[in-house]
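Structure file start27.pdb (PDB, C-alpha atoms, pLDDT in the B column) is printed below.
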MODEL        1
ATOM      1  CA  MET E 269       0.000   0.000   0.000  1.00 71.00           C
ATOM      2  CA  MET E 270       1.295   3.420  -0.925  1.00 89.00           C
ATOM      3  CA  PHE E 271       0.730   6.372   1.336  1.00 93.00           C
ATOM      4  CA  SER E 272      -0.035   9.855   0.089  1.00 95.00           C
ATOM      5  CA  VAL E 273       2.484  12.637   0.627  1.00 95.00           C
ATOM      6  CA  MET E 274       0.279  14.145   3.342  1.00 96.00           C
ATOM      7  CA  GLU E 275      -0.011  10.810   5.142  1.00 97.00           C
ATOM      8  CA  LEU E 276       3.764  10.356   5.022  1.00 97.00           C
ATOM      9  CA  ARG E 277       4.288  13.828   6.482  1.00 97.00           C
ATOM     10  CA  VAL E 278       1.884  13.054   9.330  1.00 98.00           C
ATOM     11  CA  ILE E 279       3.610   9.716   9.967  1.00 97.00           C
ATOM     12  CA  ARG E 280       7.035  11.385   9.949  1.00 98.00           C
ATOM     13  CA  THR E 281       5.902  14.041  12.418  1.00 98.00           C
ATOM     14  CA  SER E 282       4.389  11.432  14.705  1.00 98.00           C
ATOM     15  CA  VAL E 283       7.476   9.216  14.560  1.00 98.00           C
ATOM     16  CA  LYS E 284       9.763  12.177  15.338  1.00 98.00           C
ATOM     17  CA  LYS E 285       7.624  13.087  18.358  1.00 98.00           C
ATOM     18  CA  THR E 286       7.701   9.486  19.566  1.00 98.00           C
ATOM     19  CA  MET E 287      11.479   9.427  19.143  1.00 98.00           C
ATOM     20  CA  GLU E 288      11.849  12.625  21.193  1.00 98.00           C
ATOM     21  CA  GLU E 289       9.795  11.103  24.011  1.00 98.00           C
ATOM     22  CA  LEU E 290      11.795   7.860  23.923  1.00 97.00           C
ATOM     23  CA  ILE E 291      15.103   9.754  24.012  1.00 97.00           C
ATOM     24  CA  LYS E 292      13.935  11.653  27.100  1.00 96.00           C
ATOM     25  CA  ARG E 293      12.815   8.416  28.763  1.00 95.00           C
ATOM     26  CA  LYS E 294      16.047   6.647  27.869  1.00 94.00           C
ATOM     27  CA  GLY E 295      18.015   9.503  29.425  1.00 93.00           C
ATOM     28  CA  ILE E 296      16.632   8.743  32.881  1.00 95.00           C
ATOM     29  CA  LEU E 297      17.026   4.961  32.703  1.00 93.00           C
ATOM     30  CA  ASP E 298      20.037   2.847  33.611  1.00 91.00           C
ATOM     31  CA  PRO E 299      21.640   1.915  30.247  1.00 87.00           C
ATOM     32  CA  GLU E 300      21.734  -1.750  31.280  1.00 87.00           C
ATOM     33  CA  PHE E 301      18.030  -1.834  32.170  1.00 91.00           C
ATOM     34  CA  ASP E 302      15.919  -3.920  29.761  1.00 94.00           C
ATOM     35  CA  ASP E 303      13.682  -0.954  28.933  1.00 94.00           C
ATOM     36  CA  ALA E 304      16.715   1.114  27.885  1.00 94.00           C
ATOM     37  CA  VAL E 305      17.846  -1.636  25.527  1.00 94.00           C
ATOM     38  CA  GLU E 306      14.337  -1.938  24.109  1.00 96.00           C
ATOM     39  CA  ILE E 307      14.135   1.841  23.626  1.00 97.00           C
ATOM     40  CA  THR E 308      17.459   1.798  21.776  1.00 95.00           C
ATOM     41  CA  ASN E 309      16.126  -0.887  19.442  1.00 97.00           C
ATOM     42  CA  ASP E 310      12.904   1.057  18.910  1.00 98.00           C
ATOM     43  CA  LEU E 311      14.846   4.233  18.121  1.00 98.00           C
ATOM     44  CA  MET E 312      16.808   2.416  15.420  1.00 98.00           C
ATOM     45  CA  MET E 313      13.558   1.150  13.905  1.00 98.00           C
ATOM     46  CA  TYR E 314      11.974   4.615  14.002  1.00 98.00           C
ATOM     47  CA  GLN E 315      15.089   6.157  12.451  1.00 98.00           C
ATOM     48  CA  ASN E 316      14.807   3.652   9.617  1.00 98.00           C
ATOM     49  CA  ILE E 317      11.179   4.701   9.066  1.00 97.00           C
ATOM     50  CA  ILE E 318      12.199   8.382   8.943  1.00 97.00           C
ATOM     51  CA  GLU E 319      14.940   7.605   6.419  1.00 97.00           C
ATOM     52  CA  LYS E 320      12.536   5.634   4.206  1.00 96.00           C
ATOM     53  CA  ILE E 321      10.052   8.512   4.236  1.00 96.00           C
ATOM     54  CA  ASN E 322      12.781  11.068   3.517  1.00 95.00           C
ATOM     55  CA  ASP E 323      13.886   9.000   0.514  1.00 94.00           C
ATOM     56  CA  ARG E 324      10.692  10.031  -1.245  1.00 91.00           C
ATOM     57  CA  GLU E 325      11.498  13.236  -3.090  1.00 87.00           C
ATOM     58  CA  GLU E 326       8.010  14.707  -2.899  1.00 88.00           C
ATOM     59  CA  VAL E 327       7.797  14.460   0.889  1.00 87.00           C
TER      60      VAL E 327
ENDMDL
END
Just dump the structure as C-alpha coordinates.
Amino acid sequence: MMFSVMELRVIRTSVKKTMEELIKRKGILDPEFDDAVEITNDLMMYQNIIEKINDREEV
(Lines of atoms letter the chains of each structure in order from A and count residues from 1; the text may use other names and numbers.)
(Lines give C-alpha, C1' and ligand atoms only; values in the text may rest on other atoms or scores of the structure.)
Protein backbone atom coordinates (compact mmCIF):
# COMPACT_ATOMS: atom_id res chain seq x y z
CA MET A 1 0.00 0.00 0.00
CA MET A 2 1.30 3.42 -0.93
CA PHE A 3 0.73 6.37 1.34
CA SER A 4 -0.04 9.86 0.09
CA VAL A 5 2.48 12.64 0.63
CA MET A 6 0.28 14.14 3.34
CA GLU A 7 -0.01 10.81 5.14
CA LEU A 8 3.76 10.36 5.02
CA ARG A 9 4.29 13.83 6.48
CA VAL A 10 1.88 13.05 9.33
CA ILE A 11 3.61 9.72 9.97
CA ARG A 12 7.04 11.39 9.95
CA THR A 13 5.90 14.04 12.42
CA SER A 14 4.39 11.43 14.71
CA VAL A 15 7.48 9.22 14.56
CA LYS A 16 9.76 12.18 15.34
CA LYS A 17 7.62 13.09 18.36
CA THR A 18 7.70 9.49 19.57
CA MET A 19 11.48 9.43 19.14
CA GLU A 20 11.85 12.63 21.19
CA GLU A 21 9.79 11.10 24.01
CA LEU A 22 11.79 7.86 23.92
CA ILE A 23 15.10 9.75 24.01
CA LYS A 24 13.93 11.65 27.10
CA ARG A 25 12.81 8.42 28.76
CA LYS A 26 16.05 6.65 27.87
CA GLY A 27 18.02 9.50 29.43
CA ILE A 28 16.63 8.74 32.88
CA LEU A 29 17.03 4.96 32.70
CA ASP A 30 20.04 2.85 33.61
CA PRO A 31 21.64 1.92 30.25
CA GLU A 32 21.73 -1.75 31.28
CA PHE A 33 18.03 -1.83 32.17
CA ASP A 34 15.92 -3.92 29.76
CA ASP A 35 13.68 -0.95 28.93
CA ALA A 36 16.72 1.11 27.88
CA VAL A 37 17.85 -1.64 25.53
CA GLU A 38 14.34 -1.94 24.11
CA ILE A 39 14.13 1.84 23.63
CA THR A 40 17.46 1.80 21.78
CA ASN A 41 16.13 -0.89 19.44
CA ASP A 42 12.90 1.06 18.91
CA LEU A 43 14.85 4.23 18.12
CA MET A 44 16.81 2.42 15.42
CA MET A 45 13.56 1.15 13.90
CA TYR A 46 11.97 4.62 14.00
CA GLN A 47 15.09 6.16 12.45
CA ASN A 48 14.81 3.65 9.62
CA ILE A 49 11.18 4.70 9.07
CA ILE A 50 12.20 8.38 8.94
CA GLU A 51 14.94 7.60 6.42
CA LYS A 52 12.54 5.63 4.21
CA ILE A 53 10.05 8.51 4.24
CA ASN A 54 12.78 11.07 3.52
CA ASP A 55 13.89 9.00 0.51
CA ARG A 56 10.69 10.03 -1.24
CA GLU A 57 11.50 13.24 -3.09
CA GLU A 58 8.01 14.71 -2.90
CA VAL A 59 7.80 14.46 0.89
Given all atoms listed in the file as the counted atoms, nearest of E:Val283, E:Met274, E:Lys294, E:Asp323 to Ile307 (chain E):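 For Ile307 (chain E), the nearest of the given residues is E:Lys294.
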Restricting the calculation to all atoms listed in the file: of E:Leu290, E:Val273, E:Ile317, E:Ile279, which residue gets closest to Ala304 (chain E)? E:Leu290
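Minimum atom-to-atom distance to Ser282 (chain E), evaluated using only C-alpha atoms, belongs to E:Ile318 out of E:Met270, E:Ile318, E:Met313, E:Glu306.
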Excluding Val305 (chain E) and its own-chain neighbours fewer than 4 positions away, which residues fall within 12 Å of it when counting all atoms listed in the file? Please give them as number ranges by chain. E: 290-291, 293-295, 297-301, 309-312
Calculated over all atoms listed in the file, which of the candidates E:Ile296, E:Tyr314, E:Ile321, E:Lys285 has the smallest distance to Ser272 (chain E)?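 When distances to Ser272 (chain E) are compared using all atoms listed in the file, the smallest one comes from E:Ile321.
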I need the residue nearest Val327 (chain E) from this list: E:Lys292, E:Asp303, E:Thr308, E:Leu276. Use only C-alpha atoms for the distance.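 Counting only C-alpha atoms, the residue closest to Val327 (chain E) is E:Leu276.
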What's the separation between CA of Glu275 (chain E) and CA of Glu319 (chain E), in Å to one decimal place? 15.3 Å
Step by step, gather every atom of region 298-313 of chain E that the file lists, find the box along x, y and z that holds them, add 6 Å on each side, and finally give centre and edge lengths in Å to one decimal, as lines of an AutoDock Vina configuration file.
center_x = 17.3
center_y = 0.2
center_z = 23.8
size_x = 20.8
size_y = 20.2
size_z = 31.7
Atoms are missing here; could region 290-322 of chain E be completed with N, CA and C atoms and written as a PDB file, in the coordinates of the input?
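out.pdb was written with the following content:
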ATOM      1  N   LEU E 290      10.978   9.020  23.558  1.00 97.00           N
ATOM      2  CA  LEU E 290      11.795   7.860  23.923  1.00 97.00           C
ATOM      3  C   LEU E 290      13.200   8.281  24.342  1.00 97.00           C
ATOM      4  N   ILE E 291      13.760   9.266  23.657  1.00 97.00           N
ATOM      5  CA  ILE E 291      15.103   9.754  24.012  1.00 97.00           C
ATOM      6  C   ILE E 291      15.091  10.342  25.422  1.00 97.00           C
ATOM      7  N   LYS E 292      14.051  11.097  25.745  1.00 96.00           N
ATOM      8  CA  LYS E 292      13.935  11.653  27.100  1.00 96.00           C
ATOM      9  C   LYS E 292      13.836  10.535  28.135  1.00 96.00           C
ATOM     10  N   ARG E 293      13.008   9.549  27.831  1.00 95.00           N
ATOM     11  CA  ARG E 293      12.815   8.416  28.763  1.00 95.00           C
ATOM     12  C   ARG E 293      14.109   7.625  28.928  1.00 95.00           C
ATOM     13  N   LYS E 294      14.792   7.406  27.829  1.00 94.00           N
ATOM     14  CA  LYS E 294      16.047   6.647  27.869  1.00 94.00           C
ATOM     15  C   LYS E 294      17.094   7.372  28.716  1.00 94.00           C
ATOM     16  N   GLY E 295      17.057   8.699  28.684  1.00 93.00           N
ATOM     17  CA  GLY E 295      18.015   9.503  29.425  1.00 93.00           C
ATOM     18  C   GLY E 295      17.932   9.324  30.934  1.00 93.00           C
ATOM     19  N   ILE E 296      16.783   8.905  31.433  1.00 95.00           N
ATOM     20  CA  ILE E 296      16.632   8.743  32.881  1.00 95.00           C
ATOM     21  C   ILE E 296      16.768   7.290  33.331  1.00 95.00           C
ATOM     22  N   LEU E 297      16.921   6.386  32.365  1.00 93.00           N
ATOM     23  CA  LEU E 297      17.026   4.961  32.703  1.00 93.00           C
ATOM     24  C   LEU E 297      18.490   4.521  32.776  1.00 93.00           C
ATOM     25  N   ASP E 298      18.732   3.507  33.575  1.00 91.00           N
ATOM     26  CA  ASP E 298      20.037   2.847  33.611  1.00 91.00           C
ATOM     27  C   ASP E 298      20.251   2.203  32.242  1.00 91.00           C
ATOM     28  N   PRO E 299      21.394   2.459  31.588  1.00 87.00           N
ATOM     29  CA  PRO E 299      21.640   1.915  30.247  1.00 87.00           C
ATOM     30  C   PRO E 299      21.563   0.386  30.168  1.00 87.00           C
ATOM     31  N   GLU E 300      21.784  -0.288  31.280  1.00 87.00           N
ATOM     32  CA  GLU E 300      21.734  -1.750  31.280  1.00 87.00           C
ATOM     33  C   GLU E 300      20.324  -2.295  31.522  1.00 87.00           C
ATOM     34  N   PHE E 301      19.406  -1.433  31.889  1.00 91.00           N
ATOM     35  CA  PHE E 301      18.030  -1.834  32.170  1.00 91.00           C
ATOM     36  C   PHE E 301      17.367  -2.305  30.870  1.00 91.00           C
ATOM     37  N   ASP E 302      16.559  -3.345  30.953  1.00 94.00           N
ATOM     38  CA  ASP E 302      15.919  -3.920  29.761  1.00 94.00           C
ATOM     39  C   ASP E 302      15.145  -2.877  28.953  1.00 94.00           C
ATOM     40  N   ASP E 303      14.454  -1.975  29.647  1.00 94.00           N
ATOM     41  CA  ASP E 303      13.682  -0.954  28.933  1.00 94.00           C
ATOM     42  C   ASP E 303      14.591  -0.050  28.102  1.00 94.00           C
ATOM     43  N   ALA E 304      15.777   0.259  28.623  1.00 94.00           N
ATOM     44  CA  ALA E 304      16.715   1.114  27.885  1.00 94.00           C
ATOM     45  C   ALA E 304      17.182   0.420  26.612  1.00 94.00           C
ATOM     46  N   VAL E 305      17.426  -0.867  26.706  1.00 94.00           N
ATOM     47  CA  VAL E 305      17.846  -1.636  25.527  1.00 94.00           C
ATOM     48  C   VAL E 305      16.709  -1.679  24.504  1.00 94.00           C
ATOM     49  N   GLU E 306      15.512  -1.897  24.993  1.00 96.00           N
ATOM     50  CA  GLU E 306      14.337  -1.938  24.109  1.00 96.00           C
ATOM     51  C   GLU E 306      14.118  -0.584  23.432  1.00 96.00           C
ATOM     52  N   ILE E 307      14.285   0.500  24.189  1.00 97.00           N
ATOM     53  CA  ILE E 307      14.135   1.841  23.626  1.00 97.00           C
ATOM     54  C   ILE E 307      15.174   2.076  22.537  1.00 97.00           C
ATOM     55  N   THR E 308      16.407   1.649  22.782  1.00 95.00           N
ATOM     56  CA  THR E 308      17.459   1.798  21.776  1.00 95.00           C
ATOM     57  C   THR E 308      17.083   1.069  20.493  1.00 95.00           C
ATOM     58  N   ASN E 309      16.564  -0.129  20.619  1.00 97.00           N
ATOM     59  CA  ASN E 309      16.126  -0.887  19.442  1.00 97.00           C
ATOM     60  C   ASN E 309      14.977  -0.186  18.726  1.00 97.00           C
ATOM     61  N   ASP E 310      14.034   0.332  19.496  1.00 98.00           N
ATOM     62  CA  ASP E 310      12.904   1.057  18.910  1.00 98.00           C
ATOM     63  C   ASP E 310      13.378   2.304  18.171  1.00 98.00           C
ATOM     64  N   LEU E 311      14.337   3.019  18.761  1.00 98.00           N
ATOM     65  CA  LEU E 311      14.846   4.233  18.121  1.00 98.00           C
ATOM     66  C   LEU E 311      15.490   3.921  16.772  1.00 98.00           C
ATOM     67  N   MET E 312      16.204   2.816  16.696  1.00 98.00           N
ATOM     68  CA  MET E 312      16.808   2.416  15.420  1.00 98.00           C
ATOM     69  C   MET E 312      15.732   2.117  14.384  1.00 98.00           C
ATOM     70  N   MET E 313      14.658   1.461  14.810  1.00 98.00           N
ATOM     71  CA  MET E 313      13.558   1.150  13.905  1.00 98.00           C
ATOM     72  C   MET E 313      12.882   2.443  13.431  1.00 98.00           C
ATOM     73  N   TYR E 314      12.615   3.348  14.367  1.00 98.00           N
ATOM     74  CA  TYR E 314      11.974   4.615  14.002  1.00 98.00           C
ATOM     75  C   TYR E 314      12.864   5.439  13.074  1.00 98.00           C
ATOM     76  N   GLN E 315      14.173   5.426  13.312  1.00 98.00           N
ATOM     77  CA  GLN E 315      15.089   6.157  12.451  1.00 98.00           C
ATOM     78  C   GLN E 315      15.039   5.594  11.031  1.00 98.00           C
ATOM     79  N   ASN E 316      14.916   4.298  10.925  1.00 98.00           N
ATOM     80  CA  ASN E 316      14.807   3.652   9.617  1.00 98.00           C
ATOM     81  C   ASN E 316      13.534   4.115   8.907  1.00 98.00           C
ATOM     82  N   ILE E 317      12.446   4.226   9.645  1.00 97.00           N
ATOM     83  CA  ILE E 317      11.179   4.701   9.066  1.00 97.00           C
ATOM     84  C   ILE E 317      11.342   6.118   8.537  1.00 97.00           C
ATOM     85  N   ILE E 318      11.972   6.989   9.349  1.00 97.00           N
ATOM     86  CA  ILE E 318      12.199   8.382   8.943  1.00 97.00           C
ATOM     87  C   ILE E 318      13.030   8.427   7.656  1.00 97.00           C
ATOM     88  N   GLU E 319      14.082   7.623   7.605  1.00 97.00           N
ATOM     89  CA  GLU E 319      14.940   7.605   6.419  1.00 97.00           C
ATOM     90  C   GLU E 319      14.172   7.143   5.183  1.00 97.00           C
ATOM     91  N   LYS E 320      13.332   6.122   5.337  1.00 96.00           N
ATOM     92  CA  LYS E 320      12.536   5.634   4.206  1.00 96.00           C
ATOM     93  C   LYS E 320      11.583   6.721   3.698  1.00 96.00           C
ATOM     94  N   ILE E 321      10.965   7.430   4.628  1.00 96.00           N
ATOM     95  CA  ILE E 321      10.052   8.512   4.236  1.00 96.00           C
ATOM     96  C   ILE E 321      10.822   9.618   3.548  1.00 96.00           C
ATOM     97  N   ASN E 322      11.979   9.977   4.091  1.00 95.00           N
ATOM     98  CA  ASN E 322      12.781  11.068   3.517  1.00 95.00           C
ATOM     99  C   ASN E 322      13.344  10.709   2.141  1.00 95.00           C
TER     100      ASN E 322
END
